[in-house]
file my_file-v6.txt (compact mmCIF, C-alpha atoms and all ligand atoms)
# COMPACT_ATOMS: atom_id res chain seq x y z
CA MET A 40 35.28 -51.44 42.98
CA GLY A 41 34.95 -51.21 46.73
CA SER A 42 33.43 -47.72 46.58
CA HIS A 43 29.86 -48.97 46.59
CA GLN A 44 28.14 -47.78 49.78
CA ASN A 45 26.42 -50.38 51.84
CA SER A 46 22.68 -49.74 52.08
CA ALA A 47 22.38 -50.67 55.72
CA GLY A 48 19.07 -51.40 57.31
CA ALA A 49 17.12 -51.95 54.13
CA ASP A 50 15.11 -54.73 55.72
CA GLN A 51 14.43 -53.17 59.08
CA PRO A 52 10.79 -53.50 60.12
CA GLU A 53 8.61 -50.48 60.66
CA PRO A 54 8.53 -49.39 64.30
CA ALA A 55 5.30 -50.30 66.07
CA SER A 56 2.84 -47.49 65.68
CA ARG A 57 2.22 -45.45 68.79
CA MET A 58 -1.27 -44.82 67.53
CA THR A 59 -2.27 -48.43 68.05
CA SER A 60 -4.30 -48.74 71.22
CA SER A 61 -2.72 -50.99 73.82
CA ARG A 62 -6.26 -52.19 74.58
CA ALA A 63 -6.61 -53.62 71.11
CA ARG A 64 -3.35 -55.54 71.40
CA ALA A 65 -3.69 -56.88 74.92
CA THR A 66 -3.81 -60.64 74.88
CA THR A 67 -2.30 -61.91 78.10
CA SER A 68 -3.68 -61.62 81.59
CA GLU A 69 -0.59 -59.63 82.56
CA GLU A 70 -1.31 -57.08 79.85
CA TRP A 71 -4.96 -56.81 80.87
CA LEU A 72 -3.97 -56.40 84.50
CA ASP A 73 -1.71 -53.54 83.45
CA ILE A 74 -4.44 -51.84 81.46
CA LEU A 75 -7.42 -52.43 83.72
CA GLY A 76 -5.95 -52.54 87.21
CA PRO A 77 -6.69 -55.38 89.64
CA ASP A 78 -10.34 -54.57 90.41
CA ARG A 79 -11.55 -54.34 86.82
CA ALA A 80 -9.35 -57.23 85.66
CA ALA A 81 -10.87 -59.49 88.31
CA ILE A 82 -14.30 -58.93 86.75
CA LEU A 83 -13.62 -58.48 83.05
CA ARG A 84 -10.89 -61.07 82.58
CA ALA A 85 -11.40 -63.48 85.50
CA LYS A 86 -15.23 -63.43 85.37
CA GLY A 87 -15.60 -62.22 88.93
CA THR A 88 -18.62 -60.46 90.40
CA GLU A 89 -18.42 -57.26 92.40
CA PRO A 90 -20.25 -57.30 95.74
CA PRO A 91 -23.88 -56.14 95.45
CA PHE A 92 -24.50 -52.44 96.14
CA SER A 93 -20.77 -51.74 95.81
CA GLY A 94 -20.61 -50.40 92.28
CA ASP A 95 -20.10 -46.75 91.38
CA LEU A 96 -22.67 -46.89 88.60
CA LEU A 97 -25.49 -48.54 90.51
CA HIS A 98 -27.31 -45.28 91.20
CA MET A 99 -26.18 -43.42 88.08
CA ARG A 100 -29.19 -41.67 86.57
CA ASP A 101 -27.54 -39.27 84.11
CA ASP A 102 -28.14 -39.53 80.38
CA GLY A 103 -25.29 -41.13 78.53
CA ILE A 104 -23.66 -44.29 77.28
CA TYR A 105 -22.16 -47.13 79.25
CA ARG A 106 -19.03 -48.34 77.50
CA CYS A 107 -16.94 -51.45 78.00
CA ALA A 108 -14.15 -50.71 80.48
CA GLY A 109 -11.94 -53.10 78.53
CA CYS A 110 -12.24 -51.79 74.99
CA ASP A 111 -14.52 -48.71 75.02
CA ALA A 112 -17.24 -50.34 72.91
CA GLU A 113 -20.72 -48.88 73.46
CA LEU A 114 -22.75 -51.44 75.39
CA PHE A 115 -25.78 -49.90 77.11
CA SER A 116 -27.57 -46.57 77.06
CA SER A 117 -29.01 -44.75 80.05
CA GLY A 118 -32.47 -45.19 78.51
CA SER A 119 -32.43 -48.93 79.16
CA LYS A 120 -31.17 -48.68 82.75
CA TYR A 121 -33.55 -49.23 85.62
CA ASP A 122 -33.43 -49.91 89.34
CA SER A 123 -33.85 -53.66 89.81
CA GLY A 124 -33.15 -53.61 93.53
CA THR A 125 -30.58 -56.38 93.08
CA GLY A 126 -27.51 -54.28 93.85
CA TRP A 127 -26.05 -54.30 90.34
CA PRO A 128 -26.64 -51.90 87.45
CA SER A 129 -29.51 -53.39 85.42
CA PHE A 130 -30.53 -52.79 81.82
CA HIS A 131 -33.42 -54.18 79.80
CA SER A 132 -31.45 -54.29 76.55
CA PRO A 133 -28.02 -53.54 75.10
CA VAL A 134 -27.47 -50.54 72.83
CA ASP A 135 -27.16 -53.01 69.95
CA ALA A 136 -27.88 -56.75 70.00
CA ALA A 137 -24.49 -57.34 68.38
CA SER A 138 -22.58 -55.44 71.07
CA VAL A 139 -22.84 -58.27 73.59
CA GLU A 140 -22.62 -62.05 73.41
CA GLU A 141 -24.41 -64.55 75.60
CA HIS A 142 -22.97 -67.85 76.82
CA VAL A 143 -24.42 -70.57 79.02
CA ASP A 144 -22.58 -70.53 82.35
CA TYR A 145 -22.68 -73.60 84.62
CA SER A 146 -20.47 -72.15 87.37
CA HIS A 147 -21.46 -72.12 91.05
CA GLY A 148 -23.89 -75.02 90.52
CA LEU A 149 -26.26 -72.77 88.61
CA VAL A 150 -27.32 -72.51 85.00
CA ARG A 151 -27.07 -68.87 84.06
CA THR A 152 -26.42 -66.90 80.91
CA GLU A 153 -23.15 -65.00 80.96
CA VAL A 154 -22.92 -61.72 79.05
CA THR A 155 -19.62 -60.73 77.46
CA CYS A 156 -18.47 -57.80 75.36
CA SER A 157 -18.50 -58.98 71.75
CA THR A 158 -15.53 -56.74 70.93
CA CYS A 159 -12.95 -57.72 73.58
CA GLY A 160 -14.60 -60.77 75.15
CA GLY A 161 -14.60 -59.17 78.60
CA HIS A 162 -17.01 -60.55 81.19
CA LEU A 163 -19.82 -58.09 81.90
CA GLY A 164 -22.31 -59.98 84.04
CA HIS A 165 -25.37 -62.16 83.43
CA VAL A 166 -28.74 -61.84 81.74
CA PHE A 167 -31.98 -63.16 83.16
CA ASP A 168 -35.09 -63.75 81.09
CA GLY A 169 -38.31 -62.17 82.25
CA GLU A 170 -36.82 -60.32 85.22
CA GLY A 171 -36.87 -56.91 83.58
CA PRO A 172 -39.74 -54.43 83.39
CA ASP A 173 -42.83 -55.86 81.66
CA GLY A 174 -41.21 -59.27 81.31
CA ALA A 175 -38.14 -57.95 79.54
CA LYS A 176 -34.69 -59.35 80.07
CA ARG A 177 -32.56 -58.10 82.93
CA TYR A 178 -28.94 -57.52 82.05
CA CYS A 179 -27.23 -57.62 85.43
CA ILE A 180 -23.92 -55.88 84.81
CA ASN A 181 -20.94 -55.14 87.05
CA SER A 182 -20.12 -51.45 87.47
CA LEU A 183 -16.46 -52.39 87.18
CA SER A 184 -17.05 -53.73 83.65
CA LEU A 185 -18.36 -50.36 82.51
CA ARG A 186 -17.30 -46.77 82.04
CA PHE A 187 -20.05 -44.17 81.88
CA LEU A 188 -19.82 -41.34 79.40
CA ALA A 189 -22.43 -38.64 80.00
CA SER A 190 -24.07 -37.07 76.98
CA SER A 191 -23.61 -33.31 77.21
ZN ZN B 1 -15.01 -54.77 75.47
call {"tool": "encode", "arguments": {"input": "my_file-v6.txt", "output": "structure tokens"}}
result
Amino acid sequence: MGSHQNSAGADQPEPASRMTSSRARATTSEEWLDILGPDRAAILRAKGTEPPFSGDLLHMRDDGIYRCAGCDAELFSSGSKYDSGTGWPSFHSPVDAASVEEHVDYSHGLVRTEVTCSTCGGHLGHVFDGEGPDGAKRYCINSLSLRFLASS
């Protein structure tokens, strides 16, 4: 007796996979700030609004897909983008109805409809009924909430 070797570490947990996206695991505002940087975090996580005519994607006309800057989900396609003259990128519809969620927003003494990413919950902007082309909706979206991926 006494010669039995101790099987050390039998119950050690698996190391966290490096393949797991940090975006998918971010839950605190500190983590989001780390991932997004202050400008994007102020919009996506703190529901801010970028100044009109300030966004990089306002005048984007290339063909492609606008993805969520928080989680990379596909949100809008270039085919639904139009110039609304409001100073924010505007779309008449999302790439898929399920890709965004709408919530009534009573902030700033107004009744508006907030649009969020249905995947990560990030704030995207607001949607206005009947303000789009031919009476369509106008999705008024912050450039900072989006990343544009051109189709080659
Ligand atoms: Zn998202």
call {"tool": "atom_distance", "arguments": {"input": "my_file-v6.txt", "atom1": "CA of Leu185 in chain A", "atom2": "CA of Pro172 in chain A"}}
result
21.8 Å
call {"tool": "closest_atom_pairs", "arguments": {"input": "my_file-v6.txt", "of": "chain A", "to": "ligand ZN 1 (chain B)", "cutoff": "7 Å", "atoms": "only C-alpha atoms and all ligand atoms", "output": "Markdown table"}}
result
| residue | atom | partner | partner_atom | distance |
| --- | --- | --- | --- | --- |
| A:Cys107 | CA | B:ZN1 | ZN | 4.6 |
| A:Ala108 | CA | B:ZN1 | ZN | 6.5 |
| A:Gly109 | CA | B:ZN1 | ZN | 4.6 |
| A:Cys110 | CA | B:ZN1 | ZN | 4.1 |
| A:Asp111 | CA | B:ZN1 | ZN | 6.1 |
| A:Ala112 | CA | B:ZN1 | ZN | 5.6 |
| A:Cys156 | CA | B:ZN1 | ZN | 4.6 |
| A:Ser157 | CA | B:ZN1 | ZN | 6.6 |
| A:Thr158 | CA | B:ZN1 | ZN | 5.0 |
| A:Cys159 | CA | B:ZN1 | ZN | 4.1 |
| A:Gly160 | CA | B:ZN1 | ZN | 6.0 |
| A:Gly161 | CA | B:ZN1 | ZN | 5.4 |
call {"tool": "residues_around", "arguments": {"input": "my_file-v6.txt", "residues": "Ser68 in chain A", "least_positions_apart": "5", "cutoff": "10 Å", "atoms": "all atoms listed in the file", "output": "PDB file with C-alpha atoms, in the frame of the given file"}}
result
ATOM      1  CA  ASP A  73      -1.710 -53.540  83.450  1.00  0.00           C
ATOM      2  CA  ILE A  74      -4.440 -51.840  81.460  1.00  0.00           C
ATOM      3  CA  ALA A  80      -9.350 -57.230  85.660  1.00  0.00           C
ATOM      4  CA  ARG A  84     -10.890 -61.070  82.580  1.00  0.00           C
ATOM      5  CA  ALA A  85     -11.400 -63.480  85.500  1.00  0.00           C
TER       6      ALA A  85
END
call {"tool": "atom_distance", "arguments": {"input": "my_file-v6.txt", "atom1": "CA of Thr155 in chain A", "atom2": "CA of Ile180 in chain A"}}
result
9.8 Å
call {"tool": "atom_distance", "arguments": {"input": "my_file-v6.txt", "atom1": "CA of Arg186 in chain A", "atom2": "CA of Arg106 in chain A"}}
result
5.1 Å
call {"tool": "axis_aligned_box", "arguments": {"input": "my_file-v6.txt", "around": "range 111-125 of chain A", "padding_each_side": "5 Å", "output": "lines of an AutoDock Vina configuration file"}}
result
center_x = -24.2
center_y = -50.6
center_z = 83.2
size_x = 29.3
size_y = 21.6
size_z = 30.6
call {"tool": "closest_residue", "arguments": {"input": "my_file-v6.txt", "among": "A:Trp71, A:Tyr105, A:Tyr178, A:Phe187", "to": "Ser123 in chain A", "atoms": "only C-alpha atoms"}}
result
A:Tyr178
call {"tool": "closest_residue", "arguments": {"input": "my_file-v6.txt", "among": "A:Gly124, A:Gly174, A:Gly164, A:Pro91", "to": "Asp144 in chain A", "atoms": "all atoms listed in the file"}}
result
A:Gly164
call {"tool": "residues_near_point", "arguments": {"input": "my_file-v6.txt", "point": "(-18.9, -51.8, 90.5)", "cutoff": "8 Å", "atoms": "all atoms listed in the file", "output": "list in words"}}
result
Glu89, Pro90, Phe92, Ser93, Gly94, Asp95, Leu96, Leu97, Trp127, Asn181, Ser182, Leu183 and Ser184 of chain A
call {"tool": "build_atoms", "arguments": {"input": "my_file-v6.txt", "residues": "range 64-93 of chain A", "atoms": "N, CA and C atoms", "output": "short mmCIF file (atom, residue, chain, number, x, y, z; two decimals), keeping the file's coordinate frame"}}
result
data_model
loop_
_atom_site.label_atom_id
_atom_site.label_comp_id
_atom_site.auth_asym_id
_atom_site.auth_seq_id
_atom_site.Cartn_x
_atom_site.Cartn_y
_atom_site.Cartn_z
N ARG A 64 -4.40 -54.54 71.56
CA ARG A 64 -3.35 -55.54 71.40
C ARG A 64 -3.21 -56.45 72.62
N ALA A 65 -3.86 -56.09 73.71
CA ALA A 65 -3.69 -56.88 74.92
C ALA A 65 -4.21 -58.29 74.72
N THR A 66 -3.38 -59.25 75.04
CA THR A 66 -3.81 -60.64 74.88
C THR A 66 -3.56 -61.48 76.12
N THR A 67 -2.59 -61.10 76.92
CA THR A 67 -2.30 -61.91 78.10
C THR A 67 -2.94 -61.29 79.34
N SER A 68 -3.08 -62.13 80.36
CA SER A 68 -3.68 -61.62 81.59
C SER A 68 -2.81 -60.55 82.22
N GLU A 69 -1.48 -60.66 82.02
CA GLU A 69 -0.59 -59.63 82.56
C GLU A 69 -0.85 -58.28 81.89
N GLU A 70 -1.05 -58.33 80.56
CA GLU A 70 -1.31 -57.08 79.85
C GLU A 70 -2.64 -56.47 80.28
N TRP A 71 -3.65 -57.32 80.43
CA TRP A 71 -4.96 -56.81 80.87
C TRP A 71 -4.87 -56.23 82.27
N LEU A 72 -4.12 -56.89 83.14
CA LEU A 72 -3.97 -56.40 84.50
C LEU A 72 -3.35 -55.01 84.49
N ASP A 73 -2.38 -54.82 83.60
CA ASP A 73 -1.71 -53.54 83.45
C ASP A 73 -2.67 -52.46 82.99
N ILE A 74 -3.53 -52.81 82.06
CA ILE A 74 -4.44 -51.84 81.46
C ILE A 74 -5.62 -51.53 82.39
N LEU A 75 -6.17 -52.57 82.98
CA LEU A 75 -7.42 -52.43 83.72
C LEU A 75 -7.24 -52.16 85.21
N GLY A 76 -6.10 -52.58 85.76
CA GLY A 76 -5.95 -52.54 87.21
C GLY A 76 -6.60 -53.79 87.80
N PRO A 77 -6.25 -54.11 89.06
CA PRO A 77 -6.69 -55.38 89.64
C PRO A 77 -8.20 -55.53 89.79
N ASP A 78 -8.90 -54.45 90.16
CA ASP A 78 -10.34 -54.57 90.41
C ASP A 78 -11.11 -54.88 89.13
N ARG A 79 -10.84 -54.11 88.09
CA ARG A 79 -11.55 -54.34 86.82
C ARG A 79 -11.12 -55.65 86.17
N ALA A 80 -9.83 -55.98 86.27
CA ALA A 80 -9.35 -57.23 85.66
C ALA A 80 -10.00 -58.44 86.31
N ALA A 81 -10.25 -58.37 87.61
CA ALA A 81 -10.87 -59.49 88.31
C ALA A 81 -12.27 -59.78 87.78
N ILE A 82 -12.96 -58.75 87.31
CA ILE A 82 -14.30 -58.93 86.75
C ILE A 82 -14.21 -59.26 85.27
N LEU A 83 -13.60 -58.37 84.52
CA LEU A 83 -13.62 -58.48 83.05
C LEU A 83 -12.86 -59.69 82.53
N ARG A 84 -11.72 -59.99 83.13
CA ARG A 84 -10.89 -61.07 82.58
C ARG A 84 -11.00 -62.35 83.38
N ALA A 85 -11.32 -62.27 84.67
CA ALA A 85 -11.40 -63.48 85.50
C ALA A 85 -12.85 -63.82 85.86
N LYS A 86 -13.80 -63.13 85.23
CA LYS A 86 -15.23 -63.43 85.37
C LYS A 86 -15.71 -63.34 86.82
N GLY A 87 -15.16 -62.41 87.56
CA GLY A 87 -15.60 -62.22 88.93
C GLY A 87 -16.90 -61.43 88.98
N THR A 88 -17.41 -61.27 90.18
CA THR A 88 -18.62 -60.46 90.40
C THR A 88 -18.36 -59.50 91.54
N GLU A 89 -18.61 -58.23 91.32
CA GLU A 89 -18.42 -57.26 92.40
C GLU A 89 -19.51 -57.48 93.46
N PRO A 90 -19.22 -57.15 94.71
CA PRO A 90 -20.25 -57.30 95.74
C PRO A 90 -21.47 -56.44 95.42
N PRO A 91 -22.68 -56.93 95.73
CA PRO A 91 -23.88 -56.14 95.45
C PRO A 91 -23.83 -54.80 96.19
N PHE A 92 -24.41 -53.81 95.59
CA PHE A 92 -24.50 -52.44 96.14
C PHE A 92 -23.14 -51.79 96.33
N SER A 93 -22.11 -52.32 95.67
CA SER A 93 -20.77 -51.74 95.81
C SER A 93 -20.38 -50.87 94.62
#
